[in-house]
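Participant: Take a look at final02.cif, mmCIF, C-alpha atoms:
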```cif
data_run
loop_
_atom_site.label_atom_id
_atom_site.label_comp_id
_atom_site.auth_asym_id
_atom_site.auth_seq_id
_atom_site.Cartn_x
_atom_site.Cartn_y
_atom_site.Cartn_z
CA MET Q 30 56.02 58.09 147.62
CA SER Q 31 53.98 61.16 146.78
CA THR Q 32 53.98 64.31 148.85
CA ASP Q 33 51.72 64.52 151.88
CA GLU Q 34 49.13 66.52 149.94
CA GLY Q 35 48.88 63.79 147.30
CA LEU Q 36 48.45 61.16 150.01
CA TRP Q 37 45.81 63.28 151.72
CA ARG Q 38 43.83 63.51 148.49
CA ALA Q 39 43.87 59.71 148.30
CA VAL Q 40 42.55 59.52 151.86
CA LEU Q 41 39.75 61.99 151.13
CA ALA Q 42 38.78 59.97 148.06
CA ARG Q 43 38.98 56.67 150.02
CA ASP Q 44 41.11 55.45 147.15
CA ALA Q 45 41.37 51.64 147.44
CA ARG Q 46 44.14 51.66 144.83
CA SER Q 47 46.36 53.32 147.44
CA ASP Q 48 45.87 50.51 149.96
CA GLY Q 49 49.24 48.88 150.53
CA ARG Q 50 51.14 51.95 149.37
CA PHE Q 51 50.83 53.77 152.69
CA VAL Q 52 48.76 54.09 155.85
CA TYR Q 53 47.58 57.23 157.60
CA ALA Q 54 47.55 57.73 161.36
CA VAL Q 55 45.38 60.06 163.43
CA ARG Q 56 47.03 61.73 166.41
CA SER Q 57 43.77 62.36 168.26
CA THR Q 58 42.77 58.67 168.26
CA GLY Q 59 46.16 56.97 168.13
CA VAL Q 60 44.93 54.71 165.31
CA TYR Q 61 46.31 54.09 161.80
CA CYS Q 62 44.17 53.11 158.80
CA ARG Q 63 44.15 52.15 155.14
CA PRO Q 64 43.44 55.03 152.71
CA SER Q 65 40.13 53.33 151.86
CA CYS Q 66 38.98 52.99 155.48
CA PRO Q 67 35.24 53.81 155.69
CA SER Q 68 35.68 55.67 158.99
CA ARG Q 69 34.96 59.38 159.26
CA ARG Q 70 37.72 61.54 157.76
CA PRO Q 71 39.85 63.24 160.44
CA LYS Q 72 41.08 66.81 160.40
CA ARG Q 73 44.11 67.28 158.16
CA ASP Q 74 46.24 68.70 160.99
CA SER Q 75 45.77 65.47 162.97
CA VAL Q 76 47.07 63.15 160.25
CA ARG Q 77 50.49 61.57 159.71
CA PHE Q 78 51.49 59.26 156.85
CA PHE Q 79 53.64 56.13 156.97
CA GLU Q 80 54.91 53.73 154.33
CA GLY Q 81 53.37 50.80 156.16
CA PRO Q 82 51.92 49.42 159.42
CA ASP Q 83 55.33 48.66 160.94
CA LEU Q 84 56.43 52.28 160.84
CA ALA Q 85 53.11 53.51 162.19
CA GLU Q 86 53.40 51.12 165.12
CA VAL Q 87 57.01 52.13 165.83
CA ALA Q 88 55.67 55.68 166.09
CA GLY Q 89 53.17 54.54 168.72
CA PHE Q 90 49.95 54.10 166.70
CA ARG Q 91 47.70 51.00 166.81
CA GLU Q 92 45.89 49.21 164.00
CA CYS Q 93 42.34 50.22 163.08
CA ARG Q 94 39.94 47.39 163.95
CA ARG Q 95 37.62 48.39 161.17
CA CYS Q 96 39.87 48.32 158.08
CA ARG Q 97 42.67 46.06 159.46
CA PRO Q 98 45.56 47.64 157.49
CA ARG Q 99 48.08 45.07 158.76
CA ALA Q 100 46.33 42.16 157.01
CA GLY Q 101 48.54 41.02 154.14
CA ALA Q 102 51.08 43.80 154.63
CA PRO Q 103 54.71 42.58 154.26
CA PRO Q 104 57.13 43.61 157.01
CA ALA Q 105 59.36 46.57 156.23
CA PRO Q 106 62.96 45.41 155.58
CA GLY Q 107 65.03 46.03 158.70
CA ILE Q 108 62.04 46.84 160.90
CA ASP Q 109 63.08 44.35 163.61
CA HIS Q 110 66.38 46.16 164.12
CA VAL Q 111 64.60 49.50 164.26
CA ARG Q 112 62.02 48.20 166.75
CA LYS Q 113 64.78 46.97 169.07
CA ALA Q 114 66.69 50.21 168.68
CA THR Q 115 63.74 52.48 169.43
CA ALA Q 116 62.75 50.38 172.45
CA PHE Q 117 66.30 50.59 173.82
CA ILE Q 118 66.51 54.33 173.21
CA ALA Q 119 63.14 54.87 174.90
CA SER Q 120 64.25 53.02 178.04
CA HIS Q 121 67.64 54.80 178.14
CA ALA Q 122 66.67 58.22 176.72
CA ASP Q 123 68.13 60.05 179.71
CA GLU Q 124 71.52 58.34 179.34
CA PRO Q 125 74.37 58.78 176.84
CA ILE Q 126 73.99 56.20 174.06
CA THR Q 127 76.69 55.63 171.45
CA LEU Q 128 75.82 54.28 168.02
CA ALA Q 129 78.22 51.38 168.61
CA ALA Q 130 76.51 50.40 171.86
CA LEU Q 131 73.08 50.64 170.26
CA ALA Q 132 74.18 48.52 167.28
CA SER Q 133 75.67 45.92 169.61
CA HIS Q 134 72.37 45.67 171.50
CA VAL Q 135 70.43 45.30 168.25
CA GLY Q 136 72.87 42.80 166.77
CA THR Q 137 74.07 44.60 163.67
CA SER Q 138 76.82 47.00 162.57
CA PRO Q 139 76.73 50.73 163.40
CA PHE Q 140 76.75 51.59 159.68
CA HIS Q 141 73.84 49.28 158.88
CA LEU Q 142 71.81 50.48 161.86
CA GLN Q 143 72.35 54.16 161.04
CA ARG Q 144 71.35 53.64 157.42
CA THR Q 145 68.31 51.46 158.17
CA PHE Q 146 67.07 53.67 161.02
CA SER Q 147 67.36 56.82 158.91
CA ARG Q 148 65.74 55.15 155.89
CA LEU Q 149 62.70 53.96 157.80
CA LEU Q 150 62.15 56.80 160.28
CA GLY Q 151 63.66 59.73 158.38
CA ILE Q 152 65.93 60.70 161.30
CA SER Q 153 69.08 59.31 162.90
CA PRO Q 154 69.13 57.37 166.21
CA ARG Q 155 70.74 60.43 167.83
CA ALA Q 156 67.96 62.71 166.60
CA TYR Q 157 65.37 60.18 167.79
CA GLN Q 158 66.85 60.22 171.29
CA ASP Q 159 66.94 64.03 171.25
CA ALA Q 160 63.25 64.06 170.31
CA LEU Q 161 62.36 61.69 173.17
CA ARG Q 162 64.31 63.81 175.66
CA ALA Q 163 62.62 66.97 174.44
CA GLN Q 164 59.20 65.28 174.64
CA ARG Q 165 59.82 64.20 178.24
CA PHE Q 166 61.18 67.63 179.15
CA ARG Q 167 58.12 69.42 177.76
CA ARG Q 168 55.76 66.93 179.44
CA ASP Q 169 57.44 67.42 182.83
CA LEU Q 170 57.24 71.19 182.50
CA ARG Q 171 53.54 71.02 181.57
CA THR Q 172 52.79 68.85 184.61
CA GLY Q 173 54.47 71.33 186.97
CA LYS Q 174 57.80 69.65 187.68
CA PRO Q 175 60.45 72.18 188.79
CA LEU Q 176 62.67 73.34 185.92
CA THR Q 177 65.90 71.98 187.45
CA GLY Q 178 64.35 68.57 188.04
CA ALA Q 179 62.97 68.44 184.51
CA ILE Q 180 66.40 69.26 183.09
CA TYR Q 181 68.19 66.44 184.85
CA ASP Q 182 65.40 63.87 184.58
CA ALA Q 183 65.39 64.32 180.81
CA GLY Q 184 69.13 63.65 180.74
CA TYR Q 185 70.42 67.07 179.72
CA GLY Q 186 72.95 67.22 182.54
CA SER Q 187 73.01 71.01 182.75
CA SER Q 188 70.92 74.06 181.88
CA SER Q 189 73.42 75.02 179.18
CA ARG Q 190 72.61 71.78 177.33
CA VAL Q 191 68.92 72.68 177.42
CA TYR Q 192 69.50 76.03 175.77
CA GLU Q 193 71.85 74.43 173.26
CA ARG Q 194 69.33 71.73 172.25
CA ARG Q 195 66.28 74.02 172.43
CA PRO Q 196 63.77 71.32 173.46
CA THR Q 197 61.00 73.91 173.71
CA GLY Q 198 61.83 75.33 170.29
CA ARG Q 199 63.45 78.48 169.07
CA GLY Q 200 62.09 81.77 170.36
CA ILE Q 201 60.67 80.57 173.68
CA THR Q 202 62.59 79.76 176.85
CA PRO Q 203 61.90 76.70 179.04
CA ALA Q 204 60.55 79.00 181.74
CA GLN Q 205 58.09 80.57 179.29
CA TYR Q 206 57.06 77.13 178.06
CA GLN Q 207 56.45 76.02 181.64
CA ARG Q 208 53.98 78.89 181.99
CA GLY Q 209 52.23 77.94 178.73
CA ALA Q 210 53.82 80.97 176.99
CA LYS Q 211 51.95 83.31 179.32
CA GLY Q 212 53.52 86.71 179.41
CA THR Q 213 54.45 86.63 175.74
CA SER Q 214 53.01 89.69 174.00
CA ILE Q 215 52.15 89.51 170.32
CA ALA Q 216 50.93 92.38 168.19
CA PHE Q 217 49.47 91.91 164.73
CA THR Q 218 48.03 93.82 161.85
CA ILE Q 219 46.12 92.75 158.74
CA VAL Q 220 46.51 94.61 155.45
CA PRO Q 221 45.39 94.13 151.85
CA SER Q 222 47.76 92.61 149.30
CA SER Q 223 47.57 91.40 145.72
CA LEU Q 224 47.05 87.88 147.08
CA GLY Q 225 44.30 88.75 149.53
CA ARG Q 226 44.50 89.66 153.20
CA LEU Q 227 47.97 89.56 154.77
CA LEU Q 228 48.41 89.06 158.52
CA VAL Q 229 51.74 90.10 160.03
CA ALA Q 230 52.38 89.34 163.71
CA GLY Q 231 55.42 89.64 165.91
CA THR Q 232 57.01 90.08 169.30
CA GLU Q 233 59.71 92.46 170.40
CA LYS Q 234 62.23 89.93 169.03
CA GLY Q 235 60.82 89.48 165.52
CA LEU Q 236 58.08 88.07 163.33
CA CYS Q 237 56.20 85.08 164.72
CA SER Q 238 53.48 84.71 162.09
CA VAL Q 239 52.81 85.74 158.48
CA LYS Q 240 49.59 84.46 156.90
CA LEU Q 241 47.61 84.90 153.70
CA GLY Q 242 43.85 84.49 153.56
CA ASP Q 243 40.47 85.83 152.56
CA ARG Q 244 38.90 86.93 155.85
CA ASP Q 245 40.39 88.83 158.78
CA ALA Q 246 38.44 86.86 161.37
CA GLU Q 247 39.80 83.53 160.15
CA LEU Q 248 43.37 84.82 160.05
CA GLU Q 249 43.10 86.16 163.59
CA GLN Q 250 41.52 82.92 164.83
CA ASP Q 251 44.38 80.93 163.28
CA LEU Q 252 46.93 83.16 165.00
CA ARG Q 253 45.29 82.77 168.41
CA ALA Q 254 45.18 78.99 167.95
CA GLU Q 255 48.93 78.97 167.34
CA TYR Q 256 49.66 81.00 170.49
CA PRO Q 257 46.78 80.18 172.87
CA SER Q 258 48.43 81.47 176.06
CA ALA Q 259 49.97 84.64 174.69
CA THR Q 260 48.57 88.15 175.01
CA ILE Q 261 47.54 89.06 171.45
CA GLU Q 262 46.39 92.49 170.33
CA ARG Q 263 45.63 93.98 166.94
CA GLU Q 264 47.47 97.22 166.30
CA ARG Q 265 46.95 99.28 163.18
CA GLY Q 266 50.26 100.27 161.68
CA ALA Q 267 52.23 97.67 163.65
CA PHE Q 268 55.54 96.62 162.11
CA ALA Q 269 55.08 99.14 159.30
CA ASP Q 270 58.53 98.57 157.75
CA TRP Q 271 58.13 94.80 157.81
CA VAL Q 272 54.64 95.03 156.34
CA ARG Q 273 55.81 97.25 153.47
CA ALA Q 274 58.60 94.81 152.68
CA LEU Q 275 56.22 91.86 152.66
CA VAL Q 276 53.59 93.57 150.49
CA ALA Q 277 56.28 94.57 147.98
CA HIS Q 278 57.57 91.00 147.98
CA VAL Q 279 54.09 89.61 147.28
CA ASP Q 280 53.77 91.95 144.31
CA GLY Q 281 57.13 90.85 142.90
CA GLY Q 282 58.74 94.21 143.60
CA ALA Q 283 61.29 93.08 146.20
CA ALA Q 284 63.35 89.96 145.59
CA ALA Q 285 65.32 90.00 148.83
CA ILE Q 286 63.51 89.74 152.13
CA ASP Q 287 65.48 89.42 155.37
CA LEU Q 288 63.40 90.02 158.48
CA PRO Q 289 63.98 88.94 162.11
CA LEU Q 290 62.07 85.88 163.27
CA ASP Q 291 60.81 84.70 166.66
CA VAL Q 292 59.35 81.28 165.84
CA THR Q 293 59.19 78.06 167.86
CA ALA Q 294 60.12 74.97 165.83
CA THR Q 295 62.00 71.69 165.94
CA ALA Q 296 65.62 71.37 164.86
CA PHE Q 297 64.50 69.50 161.72
CA GLN Q 298 62.01 72.21 160.78
CA TRP Q 299 64.68 74.87 161.11
CA LYS Q 300 67.05 72.82 158.99
CA VAL Q 301 64.44 72.67 156.23
CA TRP Q 302 63.43 76.31 156.59
CA ARG Q 303 67.00 77.59 156.44
CA HIS Q 304 67.49 75.69 153.20
CA LEU Q 305 64.28 77.15 151.77
CA GLN Q 306 65.64 80.61 152.46
CA SER Q 307 68.69 79.75 150.36
CA ILE Q 308 66.64 78.91 147.24
CA PRO Q 309 67.27 81.78 144.78
CA TYR Q 310 64.40 84.12 143.95
CA GLY Q 311 62.56 82.85 140.88
CA GLU Q 312 63.73 79.24 141.27
CA THR Q 313 62.06 76.15 142.73
CA ARG Q 314 63.16 72.84 144.22
CA SER Q 315 61.34 69.54 144.60
CA TYR Q 316 60.62 68.07 148.02
CA GLY Q 317 63.13 65.32 147.25
CA GLU Q 318 65.83 67.83 146.27
CA VAL Q 319 65.37 69.65 149.57
CA ALA Q 320 65.59 66.37 151.48
CA LYS Q 321 68.86 65.50 149.74
CA ALA Q 322 70.27 68.97 150.28
CA ILE Q 323 69.78 68.78 154.05
CA GLY Q 324 71.33 65.31 154.23
CA ALA Q 325 68.08 63.36 154.71
CA PRO Q 326 67.25 61.93 151.25
CA ARG Q 327 64.57 59.60 152.63
CA ALA Q 328 62.77 62.35 154.50
CA THR Q 329 60.70 63.74 151.60
CA ARG Q 330 57.46 63.52 153.55
CA ALA Q 331 59.02 65.13 156.61
CA VAL Q 332 60.18 68.00 154.38
CA ALA Q 333 56.61 68.39 153.10
CA ARG Q 334 55.35 68.52 156.69
CA ALA Q 335 57.94 71.16 157.59
CA CYS Q 336 56.72 73.25 154.64
CA ALA Q 337 53.08 72.79 155.71
CA THR Q 338 53.83 73.92 159.28
CA ASN Q 339 55.73 77.06 158.28
CA HIS Q 340 54.36 79.91 160.44
CA VAL Q 341 55.92 82.74 158.44
CA CYS Q 342 55.14 82.36 154.76
CA LEU Q 343 57.09 84.53 152.32
CA VAL Q 344 59.91 85.08 154.83
CA ILE Q 345 60.46 81.32 154.73
CA PRO Q 346 59.54 80.70 151.07
CA CYS Q 347 57.86 77.29 151.24
CA HIS Q 348 56.05 78.21 148.01
CA ARG Q 349 59.32 77.50 146.16
CA VAL Q 350 59.06 73.77 146.89
CA VAL Q 351 57.13 71.82 144.24
CA GLU Q 352 56.50 68.23 143.21
CA LYS Q 353 59.12 66.30 141.26
CA SER Q 354 56.58 65.71 138.48
CA GLY Q 355 56.27 69.45 137.92
CA GLY Q 356 53.03 69.89 139.82
CA LEU Q 357 52.78 72.68 142.33
CA GLY Q 358 52.10 70.42 145.30
CA GLY Q 359 50.26 71.71 148.34
CA TYR Q 360 50.28 75.16 149.91
CA ARG Q 361 48.72 76.05 153.23
CA TRP Q 362 47.43 79.36 151.88
CA GLY Q 363 45.98 77.95 148.64
CA VAL Q 364 47.57 76.52 145.49
CA GLU Q 365 46.40 79.46 143.38
CA ARG Q 366 48.33 81.86 145.64
CA LYS Q 367 51.38 79.63 145.24
CA ARG Q 368 51.01 79.74 141.47
CA ARG Q 369 50.79 83.52 141.42
CA LEU Q 370 53.76 83.93 143.77
CA LEU Q 371 55.92 81.80 141.50
CA GLN Q 372 54.71 83.63 138.42
CA ASN Q 373 55.57 86.99 139.99
CA GLU Q 374 59.05 85.78 140.88
CA LYS Q 375 59.76 84.52 137.36
CA GLN Q 376 58.80 87.77 135.62
#
```
What would you get if you wrote out this structure as structure tokens?

Facilitator:
Amino acid sequence: MSTDEGLWRAVLARDARSDGRFVYAVRSTGVYCRPSCPSRRPKRDSVRFFEGPDLAEVAGFRECRRCRPRAGAPPAPGIDHVRKATAFIASHADEPITLAALASHVGTSPFHLQRTFSRLLGISPRAYQDALRAQRFRRDLRTGKPLTGAIYDAGYGSSSRVYERRPTGRGITPAQYQRGAKGTSIAFTIVPSSLGRLLVAGTEKGLCSVKLGDRDAELEQDLRAEYPSATIERERGAFADWVRALVAHVDGGAAAIDLPLDVTATAFQWKVWRHLQSIPYGETRSYGEVAKAIGAPRATRAVARACATNHVCLVIPCHRVVEKSGGLGGYRWGVERKRRLLQNEKQ
């Protein structure tokens, strides 16, 4: 399949030729549609893509009654096993589940289940269970359940397991998450660069946001949307050393950039981002190559999503990931900026 940006262009164009190739789902409505669906186009941030109706439904979305994407769609090979496996994991998420026990329940071999599950969902059964536990843990904290109760109800067994698994993401503790990140102080500054305005924000632990844009107000609004419960203040001259390093990097005058980070993300996002940081200056990799390198060759679209949700551009060089065909692919801060960054690095 194409990258997420290519699929999104097909959705915007209501491209009927893409019907049957994929479906798109909208988080805010819980519905999945054909690319050609005549319904109003959703916001890009609310959209997920799936290879077919079966996978969208496994993820919890329901069929659009207007475009009926399930009509005529063949079942995904192995989907029955995956449906049974996800249902079993969901009902036993707070318990230890071995791959052998899960395969026995489904009625197949552990090897076949692991391969089919990873091929269709892009993650292993173990990672799927971890995600469900983390989801329940975060939900319980948001609804006011005591921290200790949330830990054990989610099946972590001890507080040490919570900090090991990081269900609230890296850079924020469960207690902070429970308070909606209140008490977290973020300072930011916005400076000119050769690629437009550059926002640099951080906490006492490290950088939490690096953005490129055209207008200060939009950059600041984007930052506040990312951290809605934090105390955020603009400070002229904040993080002066980090800012100088980033501006030099944008201009192609500093190949190496190693700055401390304080960013909340999933384990999969960090796996992708760490690999991006290993791509040599001046080189690129395709989305598929990154997926293979992190041991998830079927997760090309998930890699593209991890790149699109990178909070600290430049430090995590998502601009070095391009399409297999040679096209630049998408870039949250504009494809032209991506082109110029790559040109600067190759000089």

Participant: For the structure provided, state which residues fall under the PyMOL selection byres ((chain Q and resi 276) around 12), and present them as a ChimeraX atom specification.

Facilitator: /Q:219-229,239-241,269-275,277-284,286,343-344,370

Participant: Smallest atom-to-atom distance to Q:Lys234: which of Q:Pro154, Q:Gly266, Q:Pro289, Q:Pro326, using only C-alpha atoms?

Facilitator: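 Smallest distance to Q:Lys234 is found for Q:Pro289.
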
Participant: Rank Q:Ile323, Q:Cys347, Q:Ala294, Q:Leu161 by their smallest atom-to-atom distance to Q:His121, using all atoms listed in the file, and report the top residue only.

Facilitator: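 Of all the options, Q:Leu161 lies closest to Q:His121.
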
Participant: Tell me which protein, DNA and RNA residues are within 10 Å of Q:Arg303, counting all atoms listed in the file, leaving out same-chain ones fewer than 5 positions away, and put them as a list in words.

Facilitator: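 With the cut-off at 10 Å, the set is Phe297, Gln298, Ile308, Ile323, Ile345 and Pro346 of chain Q.
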
Participant: Could you pull out every residue with an atom within 12 Å of (61.3, 53.0, 172.5), file coordinates, counting only C-alpha atoms, and send them as a PyMOL selection string?

Facilitator: chain Q and resi 86-89+110-122+154+157-158+160-162

Participant: Grab all the atoms of stretch 93-106 of chain Q that the file lists, wrap them in a box along x, y and z, add 3 Å per side, and give me centre plus edge lengths in Å (one decimal) as AutoDock Vina command-line options.

Facilitator:
```
--center_x 50.3 --center_y 45.6 --center_z 159.0 --size_x 31.3 --size_y 15.2 --size_z 15.8
```

Participant: Pick the closest to Q:Arg148 from Q:Leu36, Q:Asp291, Q:Thr232, Q:Ala325: which is it, counting all atoms listed in the file?

Facilitator: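 Closest to Q:Arg148, using all atoms listed in the file: Q:Ala325.
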
Participant: Can you work out the spacing between atom CA of Q:Gly231 and atom CA of Q:Ser307 in Å, to one decimal?

Facilitator: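 Those two atoms sit 22.7 Å apart.
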
Participant: I'd like the interatomic distance between atom CA of Q:Thr295 and atom CA of Q:Ser138, to a tenth of an Å.

Facilitator: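 Those two atoms sit 29.0 Å apart.
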
Participant: Restore N, CA and C atoms in stretch 60-91 of chain Q and list the result as a compact mmCIF listing (two decimals), keeping the file's coordinate frame.

Facilitator:
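So the final result, stored in result.txt, reads:
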```txt
# COMPACT_ATOMS: atom_id res chain seq x y z
N VAL Q 60 45.21 55.84 166.19
CA VAL Q 60 44.93 54.71 165.31
C VAL Q 60 45.46 55.00 163.90
N TYR Q 61 45.93 53.94 163.21
CA TYR Q 61 46.31 54.09 161.80
C TYR Q 61 45.40 53.25 160.92
N CYS Q 62 45.17 53.73 159.68
CA CYS Q 62 44.17 53.11 158.80
C CYS Q 62 44.68 52.99 157.37
N ARG Q 63 43.96 52.17 156.59
CA ARG Q 63 44.15 52.15 155.14
C ARG Q 63 43.58 53.44 154.54
N PRO Q 64 44.05 53.87 153.37
CA PRO Q 64 43.44 55.03 152.71
C PRO Q 64 41.95 54.84 152.44
N SER Q 65 41.53 53.58 152.20
CA SER Q 65 40.13 53.33 151.86
C SER Q 65 39.23 53.12 153.07
N CYS Q 66 39.76 53.25 154.27
CA CYS Q 66 38.98 52.99 155.48
C CYS Q 66 37.66 53.77 155.45
N PRO Q 67 36.54 53.13 155.75
CA PRO Q 67 35.24 53.81 155.69
C PRO Q 67 34.96 54.75 156.88
N SER Q 68 35.89 54.82 157.81
CA SER Q 68 35.68 55.67 158.99
C SER Q 68 35.60 57.14 158.60
N ARG Q 69 35.08 57.94 159.50
CA ARG Q 69 34.96 59.38 159.26
C ARG Q 69 36.33 60.00 159.04
N ARG Q 70 36.43 60.90 158.06
CA ARG Q 70 37.72 61.54 157.76
C ARG Q 70 38.12 62.47 158.90
N PRO Q 71 39.37 62.36 159.35
CA PRO Q 71 39.85 63.24 160.44
C PRO Q 71 40.21 64.62 159.91
N LYS Q 72 40.57 65.52 160.81
CA LYS Q 72 41.08 66.81 160.40
C LYS Q 72 42.48 66.64 159.84
N ARG Q 73 42.81 67.42 158.82
CA ARG Q 73 44.11 67.28 158.16
C ARG Q 73 45.26 67.47 159.13
N ASP Q 74 45.14 68.41 160.07
CA ASP Q 74 46.24 68.70 160.99
C ASP Q 74 46.53 67.54 161.94
N SER Q 75 45.59 66.59 162.05
CA SER Q 75 45.77 65.47 162.97
C SER Q 75 46.40 64.24 162.32
N VAL Q 76 46.68 64.32 161.02
CA VAL Q 76 47.07 63.15 160.25
C VAL Q 76 48.57 63.08 159.99
N ARG Q 77 49.12 61.87 160.13
CA ARG Q 77 50.49 61.57 159.71
C ARG Q 77 50.45 60.40 158.74
N PHE Q 78 51.44 60.34 157.84
CA PHE Q 78 51.49 59.26 156.85
C PHE Q 78 52.72 58.39 157.07
N PHE Q 79 52.55 57.09 156.83
CA PHE Q 79 53.64 56.13 156.97
C PHE Q 79 53.63 55.17 155.79
N GLU Q 80 54.81 54.64 155.46
CA GLU Q 80 54.91 53.73 154.33
C GLU Q 80 54.23 52.40 154.60
N GLY Q 81 54.04 52.05 155.85
CA GLY Q 81 53.37 50.80 156.16
C GLY Q 81 53.04 50.68 157.63
N PRO Q 82 52.33 49.61 158.03
CA PRO Q 82 51.92 49.42 159.42
C PRO Q 82 53.08 49.39 160.41
N ASP Q 83 54.20 48.77 160.02
CA ASP Q 83 55.33 48.66 160.94
C ASP Q 83 55.80 50.02 161.42
N LEU Q 84 55.93 50.96 160.48
CA LEU Q 84 56.43 52.28 160.84
C LEU Q 84 55.42 53.05 161.68
N ALA Q 85 54.15 52.86 161.38
CA ALA Q 85 53.11 53.51 162.19
C ALA Q 85 53.15 52.99 163.63
N GLU Q 86 53.37 51.70 163.78
CA GLU Q 86 53.40 51.12 165.12
C GLU Q 86 54.66 51.51 165.88
N VAL Q 87 55.79 51.63 165.18
CA VAL Q 87 57.01 52.13 165.83
C VAL Q 87 56.79 53.53 166.37
N ALA Q 88 55.97 54.31 165.66
CA ALA Q 88 55.67 55.68 166.09
C ALA Q 88 54.62 55.74 167.19
N GLY Q 89 54.09 54.57 167.59
CA GLY Q 89 53.17 54.54 168.72
C GLY Q 89 51.69 54.42 168.38
N PHE Q 90 51.35 54.22 167.10
CA PHE Q 90 49.95 54.10 166.70
C PHE Q 90 49.53 52.63 166.69
N ARG Q 91 48.22 52.37 166.82
CA ARG Q 91 47.70 51.00 166.81
C ARG Q 91 46.79 50.80 165.60
```
